$ cat protein_4.tsv   # TSV, C-alpha atoms
chain	number	residue	atom	x	y	z
D	257	MET	CA	-9.44	18.42	-13.55
D	258	LYS	CA	-12.29	20.74	-12.52
D	259	ASN	CA	-10.22	21.81	-9.51
D	260	LEU	CA	-7.27	22.55	-11.79
D	261	VAL	CA	-9.41	24.85	-13.94
D	262	VAL	CA	-10.80	26.60	-10.84
D	263	VAL	CA	-7.27	27.19	-9.49
D	264	LEU	CA	-6.10	28.50	-12.88
D	265	LEU	CA	-9.04	30.91	-13.03
D	266	PHE	CA	-8.34	31.98	-9.44
D	267	PHE	CA	-4.72	32.76	-10.24
D	268	ALA	CA	-5.71	34.52	-13.45
D	269	SER	CA	-8.16	36.72	-11.53
D	270	LEU	CA	-5.44	37.49	-8.93
D	271	GLY	CA	-3.14	38.65	-11.71
D	272	ALA	CA	-5.88	40.82	-13.18
D	273	GLY	CA	-6.57	42.30	-9.73
D	274	PHE	CA	-2.95	43.28	-9.21
D	275	ALA	CA	-2.71	44.74	-12.71
D	276	GLN	CA	-5.72	46.95	-12.07
D	277	LYS	CA	-4.34	48.31	-8.80
D	278	LYS	CA	-1.26	49.83	-10.41
D	279	PRO	CA	-1.18	52.28	-13.30
D	280	ASN	CA	0.54	50.80	-16.35
D	281	GLU	CA	3.36	53.36	-16.34
D	282	GLN	CA	4.24	52.65	-12.72
D	283	LEU	CA	4.12	48.87	-13.34
D	284	SER	CA	6.58	49.08	-16.22
D	285	ARG	CA	9.05	51.23	-14.22
D	286	SER	CA	9.02	49.50	-10.85
D	287	ALA	CA	7.99	45.93	-11.54
D	288	PRO	CA	10.15	44.18	-14.10
D	289	PHE	CA	8.89	40.91	-15.50
D	290	GLU	CA	10.80	37.68	-15.14
D	291	VAL	CA	10.36	34.32	-16.81
D	292	GLY	CA	11.91	31.22	-15.29
D	293	PHE	CA	12.52	27.67	-16.38
D	294	ALA	CA	13.79	24.96	-14.03
D	295	VAL	CA	14.71	21.29	-14.06
D	296	GLU	CA	14.72	19.55	-10.69
D	297	GLY	CA	15.40	16.14	-9.24
D	298	MET	CA	12.75	15.08	-6.74
D	299	ALA	CA	12.54	12.68	-3.80
D	300	ARG	CA	9.12	12.01	-2.31
D	301	GLY	CA	8.06	10.17	0.82
D	302	ILE	CA	4.47	9.26	1.68
D	303	ASN	CA	3.17	8.50	5.16
D	304	SER	CA	2.73	4.83	6.02
D	305	GLY	CA	-0.73	3.66	7.01
D	306	THR	CA	-2.04	4.86	3.65
D	307	PHE	CA	-2.37	2.94	0.38
D	308	LEU	CA	0.09	5.19	-1.49
D	309	GLY	CA	2.58	4.99	1.35
D	310	ASP	CA	2.35	1.24	1.91
D	311	ALA	CA	1.92	-0.12	-1.63
D	312	TYR	CA	4.67	1.80	-3.46
D	313	GLN	CA	8.40	2.28	-3.11
D	314	LEU	CA	9.23	5.48	-4.96
D	315	SER	CA	12.43	6.12	-6.88
D	316	LEU	CA	13.92	9.54	-7.49
D	317	GLY	CA	11.94	11.53	-10.05
D	318	TYR	CA	12.24	14.73	-11.99
D	319	ARG	CA	10.21	17.89	-12.40
D	320	ILE	CA	10.23	20.54	-15.13
D	321	LYS	CA	8.68	23.86	-14.32
D	322	SER	CA	8.13	27.20	-15.89
D	323	GLU	CA	7.17	30.37	-14.08
D	324	PHE	CA	6.26	33.94	-14.75
D	325	GLY	CA	6.41	36.77	-12.27
D	326	VAL	CA	6.55	40.47	-11.65
D	327	ARG	CA	8.82	41.77	-8.87
D	328	GLY	CA	6.94	42.47	-5.67
D	329	ILE	CA	3.89	40.34	-6.30
D	330	PRO	CA	3.40	36.56	-6.30
D	331	GLY	CA	4.24	34.86	-9.58
D	332	LEU	CA	2.56	31.95	-11.30
D	333	GLY	CA	4.24	28.68	-12.17
D	334	ILE	CA	3.29	25.46	-13.91
D	335	TYR	CA	5.04	22.14	-13.52
D	336	PHE	CA	5.20	18.69	-14.97
D	337	GLY	CA	6.98	15.73	-13.42
D	338	SER	CA	7.41	12.01	-13.37
D	339	GLN	CA	8.52	9.36	-10.92
D	340	ARG	CA	8.78	5.58	-11.04
D	341	ALA	CA	7.77	3.23	-8.25
D	342	THR	CA	8.06	-0.45	-7.47
D	343	ILE	CA	4.92	-2.10	-6.16
D	344	GLN	CA	5.06	-3.69	-2.70
D	345	GLU	CA	2.91	-6.62	-1.61
D	346	ASN	CA	-0.57	-5.29	-0.90
D	347	ASN	CA	-4.24	-6.35	-0.72
D	348	PHE	CA	-5.61	-4.04	-3.41
D	349	LEU	CA	-3.73	-4.44	-6.71
D	350	GLY	CA	-3.98	-8.24	-6.91
D	351	GLY	CA	-0.33	-8.60	-7.91
D	352	PHE	CA	-1.38	-7.70	-11.48
D	353	PHE	CA	1.23	-5.02	-12.09
D	354	SER	CA	4.96	-5.10	-12.50
D	355	GLU	CA	5.68	-1.38	-12.05
D	356	SER	CA	4.13	2.00	-11.53
D	357	GLN	CA	4.75	5.34	-13.19
D	358	TRP	CA	3.54	8.52	-11.49
D	359	TRP	CA	2.81	11.71	-13.44
D	360	ASP	CA	2.44	15.13	-11.82
D	361	ILE	CA	1.05	18.26	-13.42
D	362	GLY	CA	-0.16	21.43	-11.77
D	363	VAL	CA	0.05	25.13	-11.02
D	364	TYR	CA	1.39	27.14	-8.11
D	365	LEU	CA	1.74	30.62	-6.81
D	366	TYR	CA	5.26	31.59	-5.68
D	367	HIS	CA	6.85	34.49	-3.91
D	368	LYS	CA	10.55	35.32	-3.60
D	369	LYS	CA	12.37	37.41	-1.02
D	370	THR	CA	15.98	38.43	-1.61
D	371	LEU	CA	18.22	37.89	1.42
D	372	SER	CA	21.57	38.75	-0.09
D	373	GLU	CA	23.21	39.08	-3.48
D	374	LYS	CA	23.56	35.32	-3.68
D	375	ILE	CA	20.62	33.98	-1.69
D	376	THR	CA	16.88	34.35	-2.29
D	377	LEU	CA	14.15	32.63	-0.28
D	378	ARG	CA	10.98	31.39	-1.91
D	379	GLY	CA	7.61	29.96	-0.93
D	380	GLU	CA	5.12	28.11	-3.12
D	381	LEU	CA	1.46	27.23	-2.73
D	382	GLY	CA	-0.31	25.17	-5.35
D	383	TYR	CA	-2.57	22.47	-6.63
D	384	GLY	CA	-1.84	19.67	-9.05
D	385	SER	CA	-3.01	16.38	-10.38
D	386	LEU	CA	-1.16	13.16	-9.63
D	387	GLN	CA	-1.74	10.15	-11.87
D	388	VAL	CA	-0.61	6.82	-10.49
D	389	ASN	CA	-0.30	4.48	-13.48
D	390	ASN	CA	0.05	0.81	-12.59
D	391	ILE	CA	1.48	-1.00	-15.59
D	392	GLN	CA	1.13	-4.61	-16.75
D	393	GLU	CA	2.67	-5.15	-20.20
D	394	SER	CA	0.24	-3.32	-22.52
D	395	SER	CA	-2.44	-2.70	-19.86
D	396	ARG	CA	-2.55	-0.04	-17.22
D	397	PHE	CA	-4.71	0.87	-14.23
D	398	ARG	CA	-4.79	4.56	-13.39
D	399	LEU	CA	-5.56	6.15	-10.02
D	400	ASP	CA	-6.13	9.92	-9.92
D	401	TYR	CA	-5.29	12.12	-6.96
D	402	GLY	CA	-5.53	15.84	-6.37
D	403	HIS	CA	-2.41	17.31	-4.74
D	404	TYR	CA	-2.55	20.41	-2.52
D	405	PHE	CA	0.93	21.49	-1.52
D	406	ALA	CA	3.12	24.13	0.11
D	407	ASN	CA	6.87	24.40	-0.45
D	408	VAL	CA	9.62	26.55	1.02
D	409	GLY	CA	13.13	26.82	-0.30
D	410	GLY	CA	15.78	29.04	-1.72
D	411	HIS	CA	17.88	30.05	-4.68
D	412	TYR	CA	21.65	30.27	-4.68
D	413	SER	CA	22.91	32.42	-7.52
D	414	LEU	CA	25.44	30.68	-9.76
D	415	PHE	CA	25.56	33.21	-12.58
D	416	ARG	CA	24.07	36.64	-13.13
D	417	SER	CA	24.55	38.51	-16.41
D	418	LYS	CA	23.99	42.18	-17.09
D	419	SER	CA	21.82	41.27	-20.03
D	420	GLY	CA	19.29	39.78	-17.61
D	421	LEU	CA	19.97	36.03	-17.56
D	422	ASP	CA	20.30	34.45	-14.11
D	423	ILE	CA	21.25	30.86	-13.36
D	424	ASP	CA	20.45	29.66	-9.84
D	425	LEU	CA	20.73	26.50	-7.86
D	426	ILE	CA	17.23	25.97	-6.45
D	427	GLY	CA	16.16	23.71	-3.59
D	428	THR	CA	12.76	23.28	-1.94
D	429	LEU	CA	11.14	21.19	0.78
D	430	GLY	CA	7.40	20.70	0.72
D	431	VAL	CA	4.42	19.02	2.25
D	432	GLY	CA	1.25	18.05	0.40
D	433	LEU	CA	-2.15	16.45	0.82
D	434	LEU	CA	-3.18	13.81	-1.72
D	435	ARG	CA	-6.90	13.26	-2.20
D	436	GLY	CA	-8.38	10.64	-4.54
D	437	ALA	CA	-12.05	11.56	-4.24
D	438	SER	CA	-12.92	10.01	-7.62
D	439	ILE	CA	-11.64	6.54	-6.69
D	440	GLN	CA	-14.43	3.98	-6.24
D	441	ILE	CA	-13.80	1.65	-3.29
D	442	ASN	CA	-15.81	0.06	-0.47
D	443	PRO	CA	-16.56	2.44	2.47
D	444	ALA	CA	-14.31	0.62	4.96
D	445	ASP	CA	-11.17	1.07	2.82
D	446	ARG	CA	-12.07	4.49	1.40
D	447	ARG	CA	-9.97	6.62	3.74
D	448	TYR	CA	-6.96	4.28	3.38
D	449	ILE	CA	-7.07	4.42	-0.44
D	450	GLN	CA	-8.11	8.02	-1.02
D	451	ARG	CA	-5.97	9.97	1.47
D	452	ALA	CA	-2.25	10.44	1.97
D	453	THR	CA	0.28	13.08	2.93
D	454	ASP	CA	3.56	13.51	1.08
D	455	LEU	CA	6.87	15.19	1.81
D	456	GLN	CA	8.99	16.33	-1.11
D	457	ALA	CA	12.59	17.45	-1.45
D	458	LYS	CA	13.67	18.98	-4.76
D	459	LEU	CA	17.01	20.22	-6.02
D	460	GLY	CA	17.69	21.65	-9.44
D	461	VAL	CA	18.83	24.47	-11.66
D	462	GLN	CA	16.74	27.46	-12.69
D	463	TRP	CA	17.28	29.82	-15.61
D	464	THR	CA	15.57	33.17	-15.22
D	465	ILE	CA	15.28	35.92	-17.83
D	466	ARG	CA	14.61	39.36	-16.40
A	11	MET	CA	-13.04	17.26	-48.40
A	12	LYS	CA	-16.06	18.15	-46.24
A	13	LYS	CA	-17.27	14.55	-46.51
A	14	LYS	CA	-13.92	13.25	-45.27
A	15	ILE	CA	-13.96	15.62	-42.30
A	16	PHE	CA	-17.56	14.60	-41.51
A	17	PHE	CA	-16.61	10.91	-41.74
A	18	LEU	CA	-13.61	11.39	-39.43
A	19	ALA	CA	-15.73	13.39	-36.97
A	20	MET	CA	-18.25	10.53	-36.85
A	21	LEU	CA	-15.49	7.92	-36.52
A	22	LEU	CA	-13.69	9.60	-33.64
A	23	PRO	CA	-16.32	8.95	-30.91
A	24	LEU	CA	-16.51	5.31	-32.02
A	25	VAL	CA	-12.72	4.93	-31.77
A	26	VAL	CA	-12.75	6.58	-28.32
A	27	PHE	CA	-15.63	4.32	-27.18
A	28	LEU	CA	-13.92	1.15	-28.45
A	29	GLY	CA	-10.64	2.27	-26.87
A	30	GLN	CA	-12.36	2.59	-23.47
A	31	ALA	CA	-14.28	-0.68	-23.83
A	32	CYS	CA	-11.17	-2.63	-24.87
A	33	GLN	CA	-9.17	-1.34	-21.92
A	34	GLU	CA	-8.65	-4.21	-19.50
A	35	PHE	CA	-8.77	-2.22	-16.25
A	36	ILE	CA	-11.32	0.43	-15.25
A	37	ASP	CA	-9.44	3.49	-13.99
A	38	ASP	CA	-10.15	4.78	-10.48
A	39	SER	CA	-12.27	1.75	-9.66
A	40	PHE	CA	-11.80	-1.16	-7.25
A	41	GLU	CA	-14.13	-4.13	-6.78
A	42	THR	CA	-14.68	-5.64	-3.33
A	43	PHE	CA	-15.89	-9.24	-3.14
A	44	GLN	CA	-17.62	-10.44	0.01
A	45	VAL	CA	-18.66	-14.00	0.77
A	46	ARG	CA	-19.50	-16.10	3.83
A	47	LEU	CA	-18.48	-19.74	3.99
A	48	VAL	CA	-20.70	-22.08	6.00
A	49	ASP	CA	-21.26	-25.82	6.41
A	50	GLN	CA	-24.52	-27.71	5.86
A	51	GLN	CA	-25.84	-26.65	9.28
A	52	GLY	CA	-25.08	-23.00	8.53
A	53	ILE	CA	-22.13	-22.95	10.95
A	54	PRO	CA	-19.37	-20.62	9.69
A	55	HIS	CA	-15.97	-22.00	8.68
A	56	ALA	CA	-13.47	-19.96	10.67
A	57	GLY	CA	-9.78	-19.78	9.72
A	58	LEU	CA	-10.22	-21.69	6.45
A	59	GLU	CA	-7.50	-21.00	3.85
A	60	LEU	CA	-8.42	-20.47	0.20
A	61	LEU	CA	-6.56	-19.43	-2.91
A	62	LEU	CA	-7.81	-16.82	-5.36
A	63	SER	CA	-6.57	-17.13	-8.94
A	64	GLN	CA	-7.53	-16.61	-12.57
A	65	ASN	CA	-6.63	-20.17	-13.57
A	66	ASN	CA	-9.66	-22.30	-14.36
A	67	PRO	CA	-9.07	-25.59	-12.47
A	68	GLU	CA	-11.43	-27.37	-14.90
A	69	PHE	CA	-9.17	-26.61	-17.86
A	70	PRO	CA	-5.65	-26.35	-16.45
A	71	LEU	CA	-3.05	-24.69	-18.65
A	72	PRO	CA	0.60	-25.77	-18.82
A	73	ASN	CA	2.56	-24.43	-15.85
A	74	HIS	CA	4.33	-21.68	-17.81
A	75	GLN	CA	0.99	-20.28	-19.03
A	76	GLN	CA	-0.65	-20.25	-15.61
A	77	LYS	CA	-1.19	-16.91	-13.93
A	78	PRO	CA	0.22	-16.35	-10.44
A	79	ILE	CA	-2.02	-16.80	-7.41
A	80	ILE	CA	-3.71	-13.44	-6.71
A	81	TYR	CA	-4.22	-13.78	-2.96
A	82	THR	CA	-4.03	-16.41	-0.24
A	83	LEU	CA	-7.12	-15.76	1.87
A	84	LYS	CA	-8.33	-16.83	5.30
A	85	THR	CA	-11.90	-16.66	6.61
A	86	SER	CA	-12.63	-14.60	9.73
A	87	ASP	CA	-14.20	-16.01	12.91
A	88	ASP	CA	-17.68	-15.62	11.42
A	89	GLY	CA	-16.66	-17.34	8.16
A	90	ARG	CA	-16.42	-14.12	6.16
A	91	LEU	CA	-13.98	-13.55	3.35
A	92	GLN	CA	-13.35	-10.20	1.68
A	93	PHE	CA	-10.91	-9.27	-1.06
A	94	VAL	CA	-10.35	-6.19	-3.20
A	95	LEU	CA	-9.16	-6.09	-6.82
A	96	PRO	CA	-8.76	-3.44	-9.51
A	97	ALA	CA	-12.03	-3.38	-11.54
A	98	LYS	CA	-11.77	-4.92	-14.99
A	99	ASN	CA	-13.69	-4.74	-18.27
A	100	LEU	CA	-12.03	-7.89	-19.62
A	101	ASP	CA	-10.55	-11.09	-18.23
A	102	ASN	CA	-12.52	-10.78	-15.00
A	103	ASP	CA	-13.16	-14.44	-14.18
A	104	TYR	CA	-11.82	-15.47	-10.79
A	105	TYR	CA	-11.63	-18.83	-9.01
A	106	LEU	CA	-11.71	-19.49	-5.27
A	107	GLU	CA	-9.99	-22.79	-4.51
A	108	VAL	CA	-10.16	-24.77	-1.29
A	109	SER	CA	-7.73	-27.51	-0.28
A	110	PRO	CA	-8.79	-31.11	0.48
A	111	PRO	CA	-10.59	-32.49	2.37
A	112	TYR	CA	-12.95	-29.52	1.86
A	113	VAL	CA	-15.11	-29.03	-1.25
A	114	PHE	CA	-17.64	-26.45	-2.38
A	115	GLU	CA	-21.19	-27.59	-2.96
A	116	VAL	CA	-22.56	-25.48	-5.80
A	117	ASP	CA	-25.61	-25.44	-7.98
A	118	TYR	CA	-24.61	-26.31	-11.54
A	119	ALA	CA	-27.31	-26.44	-14.25
A	120	GLY	CA	-29.95	-27.27	-11.64
A	121	GLU	CA	-27.89	-29.98	-9.95
A	122	SER	CA	-25.87	-29.84	-6.76
A	123	ILE	CA	-22.27	-30.77	-7.41
A	124	GLN	CA	-19.19	-30.88	-5.22
A	125	ARG	CA	-15.87	-29.53	-6.44
A	126	SER	CA	-12.71	-27.93	-5.14
A	127	PHE	CA	-13.34	-24.48	-6.59
A	128	PHE	CA	-15.96	-21.78	-6.94
A	129	SER	CA	-16.09	-19.75	-10.13
A	130	ILE	CA	-16.77	-16.00	-9.91
A	131	GLY	CA	-17.83	-14.97	-13.40
A	132	LEU	CA	-20.80	-12.74	-14.01
A	133	TYR	CA	-21.54	-10.60	-11.01
A	134	GLU	CA	-23.34	-7.43	-10.05
A	135	LYS	CA	-21.80	-4.73	-7.93
A	136	ASP	CA	-23.22	-1.81	-6.01
A	137	ILE	CA	-22.31	1.86	-6.36
A	138	ASP	CA	-19.18	1.35	-4.21
A	139	GLY	CA	-18.04	-1.59	-6.34
A	140	VAL	CA	-19.03	-4.14	-3.68
A	141	VAL	CA	-19.96	-7.62	-4.98
A	142	ASP	CA	-21.90	-9.64	-2.40
A	143	LEU	CA	-21.60	-13.35	-3.24
A	144	GLY	CA	-23.79	-14.34	-0.28
A	145	GLU	CA	-23.24	-17.65	1.51
A	146	LEU	CA	-21.30	-20.53	0.00
A	147	LEU	CA	-21.55	-24.09	1.23
A	148	ILE	CA	-18.30	-25.85	2.05
A	149	LEU	CA	-18.41	-29.51	2.99
A	150	LYS	CA	-15.94	-32.02	4.38
A	151	PRO	CA	-17.13	-35.23	2.69
$ encode --input "protein_4.tsv" --output "C-alpha cells"
Amino acid sequence: MKNLVVVLLFFASLGAGFAQKKPNEQLSRSAPFEVGFAVEGMARGINSGTFLGDAYQLSLGYRIKSEFGVRGIPGLGIYFGSQRATIQENNFLGGFFSESQWWDIGVYLYHKKTLSEKITLRGELGYGSLQVNNIQESSRFRLDYGHYFANVGGHYSLFRSKSGLDIDLIGTLGVGLLRGASIQINPADRRYIQRATDLQAKLGVQWTIR
Amino acid sequence: MKKKIFFLAMLLPLVVFLGQACQEFIDDSFETFQVRLVDQQGIPHAGLELLLSQNNPEFPLPNHQQKPIIYTLKTSDDGRLQFVLPAKNLDNDYYLEVSPPYVFEVDYAGESIQRSFFSIGLYEKDIDGVVDLGELLILKP
C-alpha cells in the first residue's frame, strides 16, 4: 500500500512538472485532454517453479480501467480487475481452500503513438497490488503481492465521432514481477512463495472522450 | 447526537479488533512445523510415513464430520519432518498419526504413555513462523 501511495505521488509530481513547463495558453491549444474508460478480458500465466505458478490454475479474468491524458505526454491510468483460480495440490495451503479469487488494483503511466488513422500503438508502465484470496466457506486467507509491470499493445479504431467520442478495440501483452515481501514464511521457502513473474494478454473495448 | 457519535467512535475499534481476532486465518502468514523422529536409542526413523489431520483420534467424529487428511508426510534420512500451513487464529489443533506397529511415546500429565498420535496444540513460533517441536520418540513395541 505504501508503494502504491509513493507511485501515485510520483505520477502526480510528473504531471505537475509537465504542466509547469508549458504556458497554460499553449497547453490548451496544442494538447487536448482525453479521458478513457475500458473493459478488458484478461488471461494470465505465471512461471512454474514458483508458489503462484504451481499452486493455482487461473481462469480468464476481467479488468476495468480508466485513464486520463494530454496529447504528447504520458497519461495516467488506474485499473481494477478480478480473476478466479482453482487450487492445485500443494504443500503450503493444507488443502483448506476450495477456490481462490484474485483482485488487482493499481496505477500506470501510458503513452500512445498514432501509426495510421485506424491504428495506435501504446506502452504502459505501472505498479499495482494483487490480493490472492483463498476461500473456504466463510473463511479466507489472503496473500498480498506487489505487481510491477510493463505492457505493450495497440488500439484499432472502431468508431470515431466528430463530437470527440472514440471507440477502439484495445489489446495488450505484458510482463510483470510479483513480490510478496510482507508474507511471513520460513527462510528456505521464502523465495518460492514471495516471487513470481507473470505474462498477461488483454483484449477489450475502450471509450475515449477527447 | 454528539454522545451517539462518541459511542460509535469508541465502538468501531472494538468491532475491528474482534473482527480480526475472530478471523480463522492470519493473512500473509504461514507456519512451518519442524520435528525429528527418533527411537529410544536416539537413532532417527528414516522414511517413516505419517498423516497430518485435524481430527482428534481420541474423540473420533462420524465419518461425514471428519476433516480431510491435510498431508501425508514422510521423514527424511535424518528422521526430520517439516510441513507448512496457513497460520490460524482459531481451530489450530493438529494431529500427527503413525501407523502400527509404531507408536509415539509422549509425556502426559507427568506419565509416559504410548499412543498412535501426537497432538500439536499450544505452540510457540519464531519471527519467521517456524515452530520447532524438537525430538519425538517413536517406538515399535
$ closest_residue --input "protein_4.tsv" --among "A:Leu91, A:Ile137, A:Val116, A:Leu132" --to "Gln44 in chain A" --atoms "only C-alpha atoms"
A:Leu91
$ closest_residue --input "protein_4.tsv" --among "A:Thr82, A:Gln92, A:Thr42, A:Asn102" --to "chain D" --atoms "all atoms listed in the file"
A:Thr42
$ residues_near_point --input "protein_4.tsv" --point "(10.2, 17.0, -18.5)" --cutoff "8 Å" --atoms "only C-alpha atoms" --output "mmCIF file with C-alpha atoms, in the frame of the given file"
data_model
loop_
_atom_site.group_PDB
_atom_site.id
_atom_site.type_symbol
_atom_site.label_atom_id
_atom_site.label_comp_id
_atom_site.auth_asym_id
_atom_site.auth_seq_id
_atom_site.Cartn_x
_atom_site.Cartn_y
_atom_site.Cartn_z
ATOM 1 C CA VAL D 295 14.710 21.290 -14.060
ATOM 2 C CA TYR D 318 12.240 14.730 -11.990
ATOM 3 C CA ARG D 319 10.210 17.890 -12.400
ATOM 4 C CA ILE D 320 10.230 20.540 -15.130
ATOM 5 C CA PHE D 336 5.200 18.690 -14.970
ATOM 6 C CA GLY D 337 6.980 15.730 -13.420
ATOM 7 C CA SER D 338 7.410 12.010 -13.370
#
$ residues_around --input "protein_4.tsv" --residues "range 393-410 of chain D" --least-positions-apart "5" --cutoff "7 Å" --atoms "all atoms listed in the file" --output "VMD selection string"
(chain D and resid 375 to 388 426 to 436 439) or (chain A and resid 34 to 38)
$ interface_residues --input "protein_4.tsv" --of "chain A" --to "chain D" --cutoff "6 Å" --atoms "only C-alpha atoms" --output "JSON, numbers by chain"
{"A": [35, 37, 38, 39, 40, 80, 94, 95, 96, 138]}
$ atom_distance --input "protein_4.tsv" --atom1 "CA of Thr85 in chain A" --atom2 "CA of Pro54 in chain A"
9.0 Å
$ atom_distance --input "protein_4.tsv" --atom1 "CA of Phe43 in chain A" --atom2 "CA of Tyr112 in chain A"
21.1 Å
$ atom_distance --input "protein_4.tsv" --atom1 "CA of Ser109 in chain A" --atom2 "CA of Phe128 in chain A"
12.0 Å
$ closest_residue --input "protein_4.tsv" --among "A:Ala97, A:Ser86, A:Val48, A:Tyr105" --to "Glu68 in chain A" --atoms "all atoms listed in the file"
A:Tyr105
$ closest_residue --input "protein_4.tsv" --among "D:Gln392, D:Thr306, D:Ser372, D:Thr453" --to "Ser413 in chain D" --atoms "all atoms listed in the file"
D:Ser372
$ residues_around --input "protein_4.tsv" --residues "Gln64 in chain A" --least-positions-apart "2" --cutoff "12 Å" --atoms "all atoms listed in the file" --output "tab-separated table (two decimals) with C-alpha atoms, keeping the file's coordinate frame"
chain	number	residue	atom	x	y	z
D	350	GLY	CA	-3.98	-8.24	-6.91
D	351	GLY	CA	-0.33	-8.60	-7.91
D	352	PHE	CA	-1.38	-7.70	-11.48
A	61	LEU	CA	-6.56	-19.43	-2.91
A	62	LEU	CA	-7.81	-16.82	-5.36
A	66	ASN	CA	-9.66	-22.30	-14.36
A	67	PRO	CA	-9.07	-25.59	-12.47
A	68	GLU	CA	-11.43	-27.37	-14.90
A	69	PHE	CA	-9.17	-26.61	-17.86
A	70	PRO	CA	-5.65	-26.35	-16.45
A	71	LEU	CA	-3.05	-24.69	-18.65
A	75	GLN	CA	0.99	-20.28	-19.03
A	76	GLN	CA	-0.65	-20.25	-15.61
A	77	LYS	CA	-1.19	-16.91	-13.93
A	78	PRO	CA	0.22	-16.35	-10.44
A	79	ILE	CA	-2.02	-16.80	-7.41
A	80	ILE	CA	-3.71	-13.44	-6.71
A	81	TYR	CA	-4.22	-13.78	-2.96
A	101	ASP	CA	-10.55	-11.09	-18.23
A	102	ASN	CA	-12.52	-10.78	-15.00
A	103	ASP	CA	-13.16	-14.44	-14.18
A	104	TYR	CA	-11.82	-15.47	-10.79
A	105	TYR	CA	-11.63	-18.83	-9.01
A	106	LEU	CA	-11.71	-19.49	-5.27
A	107	GLU	CA	-9.99	-22.79	-4.51
A	127	PHE	CA	-13.34	-24.48	-6.59
A	128	PHE	CA	-15.96	-21.78	-6.94
A	129	SER	CA	-16.09	-19.75	-10.13
A	130	ILE	CA	-16.77	-16.00	-9.91
A	131	GLY	CA	-17.83	-14.97	-13.40
$ closest_residue --input "protein_4.tsv" --among "A:Glu145, A:Asp49, A:Asp117, A:Glu41" --to "Phe93 in chain A" --atoms "only C-alpha atoms"
A:Glu41
$ residues_around --input "protein_4.tsv" --residues "Leu149 in chain A" --least-positions-apart "2" --cutoff "8 Å" --atoms "all atoms listed in the file" --output "PyMOL selection string"
chain A and resi 49-50+112-115+147+151
$ residues_around --input "protein_4.tsv" --residues "Phe289 in chain D" --least-positions-apart "5" --cutoff "9 Å" --atoms "all atoms listed in the file" --output "list in words"
Ser284, Phe324, Gly325, Val326, Arg327, Ile465 and Arg466 of chain D
$ build_atoms --input "protein_4.tsv" --residues "range 318-333 of chain D" --atoms "N, CA and C atoms" --output "PDB file, in the frame of the given file"
ATOM      1  N   TYR D 318      11.820  13.421 -11.508  1.00  0.00           N
ATOM      2  CA  TYR D 318      12.240  14.730 -11.990  1.00  0.00           C
ATOM      3  C   TYR D 318      11.023  15.640 -12.138  1.00  0.00           C
ATOM      4  N   ARG D 319      11.297  16.920 -12.208  1.00  0.00           N
ATOM      5  CA  ARG D 319      10.210  17.890 -12.400  1.00  0.00           C
ATOM      6  C   ARG D 319      10.726  19.012 -13.289  1.00  0.00           C
ATOM      7  N   ILE D 320       9.900  19.407 -14.247  1.00  0.00           N
ATOM      8  CA  ILE D 320      10.230  20.540 -15.130  1.00  0.00           C
ATOM      9  C   ILE D 320       9.203  21.615 -14.839  1.00  0.00           C
ATOM     10  N   LYS D 321       9.671  22.825 -14.611  1.00  0.00           N
ATOM     11  CA  LYS D 321       8.680  23.860 -14.320  1.00  0.00           C
ATOM     12  C   LYS D 321       9.022  25.158 -15.023  1.00  0.00           C
ATOM     13  N   SER D 322       7.991  25.927 -15.211  1.00  0.00           N
ATOM     14  CA  SER D 322       8.130  27.200 -15.890  1.00  0.00           C
ATOM     15  C   SER D 322       7.338  28.209 -15.080  1.00  0.00           C
ATOM     16  N   GLU D 323       7.921  29.402 -14.884  1.00  0.00           N
ATOM     17  CA  GLU D 323       7.170  30.370 -14.080  1.00  0.00           C
ATOM     18  C   GLU D 323       7.303  31.785 -14.623  1.00  0.00           C
ATOM     19  N   PHE D 324       6.345  32.573 -14.247  1.00  0.00           N
ATOM     20  CA  PHE D 324       6.260  33.940 -14.750  1.00  0.00           C
ATOM     21  C   PHE D 324       5.916  34.841 -13.568  1.00  0.00           C
ATOM     22  N   GLY D 325       6.684  35.908 -13.407  1.00  0.00           N
ATOM     23  CA  GLY D 325       6.410  36.770 -12.270  1.00  0.00           C
ATOM     24  C   GLY D 325       6.744  38.220 -12.530  1.00  0.00           C
ATOM     25  N   VAL D 326       6.245  39.045 -11.650  1.00  0.00           N
ATOM     26  CA  VAL D 326       6.550  40.470 -11.650  1.00  0.00           C
ATOM     27  C   VAL D 326       7.069  40.776 -10.251  1.00  0.00           C
ATOM     28  N   ARG D 327       8.201  41.530 -10.179  1.00  0.00           N
ATOM     29  CA  ARG D 327       8.820  41.770  -8.870  1.00  0.00           C
ATOM     30  C   ARG D 327       7.811  42.409  -7.905  1.00  0.00           C
ATOM     31  N   GLY D 328       7.776  41.873  -6.703  1.00  0.00           N
ATOM     32  CA  GLY D 328       6.940  42.470  -5.670  1.00  0.00           C
ATOM     33  C   GLY D 328       5.590  41.798  -5.489  1.00  0.00           C
ATOM     34  N   ILE D 329       5.169  41.036  -6.465  1.00  0.00           N
ATOM     35  CA  ILE D 329       3.890  40.340  -6.300  1.00  0.00           C
ATOM     36  C   ILE D 329       4.096  38.849  -6.587  1.00  0.00           C
ATOM     37  N   PRO D 330       3.219  37.991  -6.067  1.00  0.00           N
ATOM     38  CA  PRO D 330       3.400  36.560  -6.300  1.00  0.00           C
ATOM     39  C   PRO D 330       3.350  36.218  -7.796  1.00  0.00           C
ATOM     40  N   GLY D 331       4.212  35.294  -8.190  1.00  0.00           N
ATOM     41  CA  GLY D 331       4.240  34.860  -9.580  1.00  0.00           C
ATOM     42  C   GLY D 331       3.476  33.557  -9.750  1.00  0.00           C
ATOM     43  N   LEU D 332       3.319  33.169 -10.986  1.00  0.00           N
ATOM     44  CA  LEU D 332       2.560  31.950 -11.300  1.00  0.00           C
ATOM     45  C   LEU D 332       3.469  30.948 -12.001  1.00  0.00           C
ATOM     46  N   GLY D 333       3.418  29.711 -11.546  1.00  0.00           N
ATOM     47  CA  GLY D 333       4.240  28.680 -12.170  1.00  0.00           C
ATOM     48  C   GLY D 333       3.404  27.479 -12.574  1.00  0.00           C
TER      49      GLY D 333
END
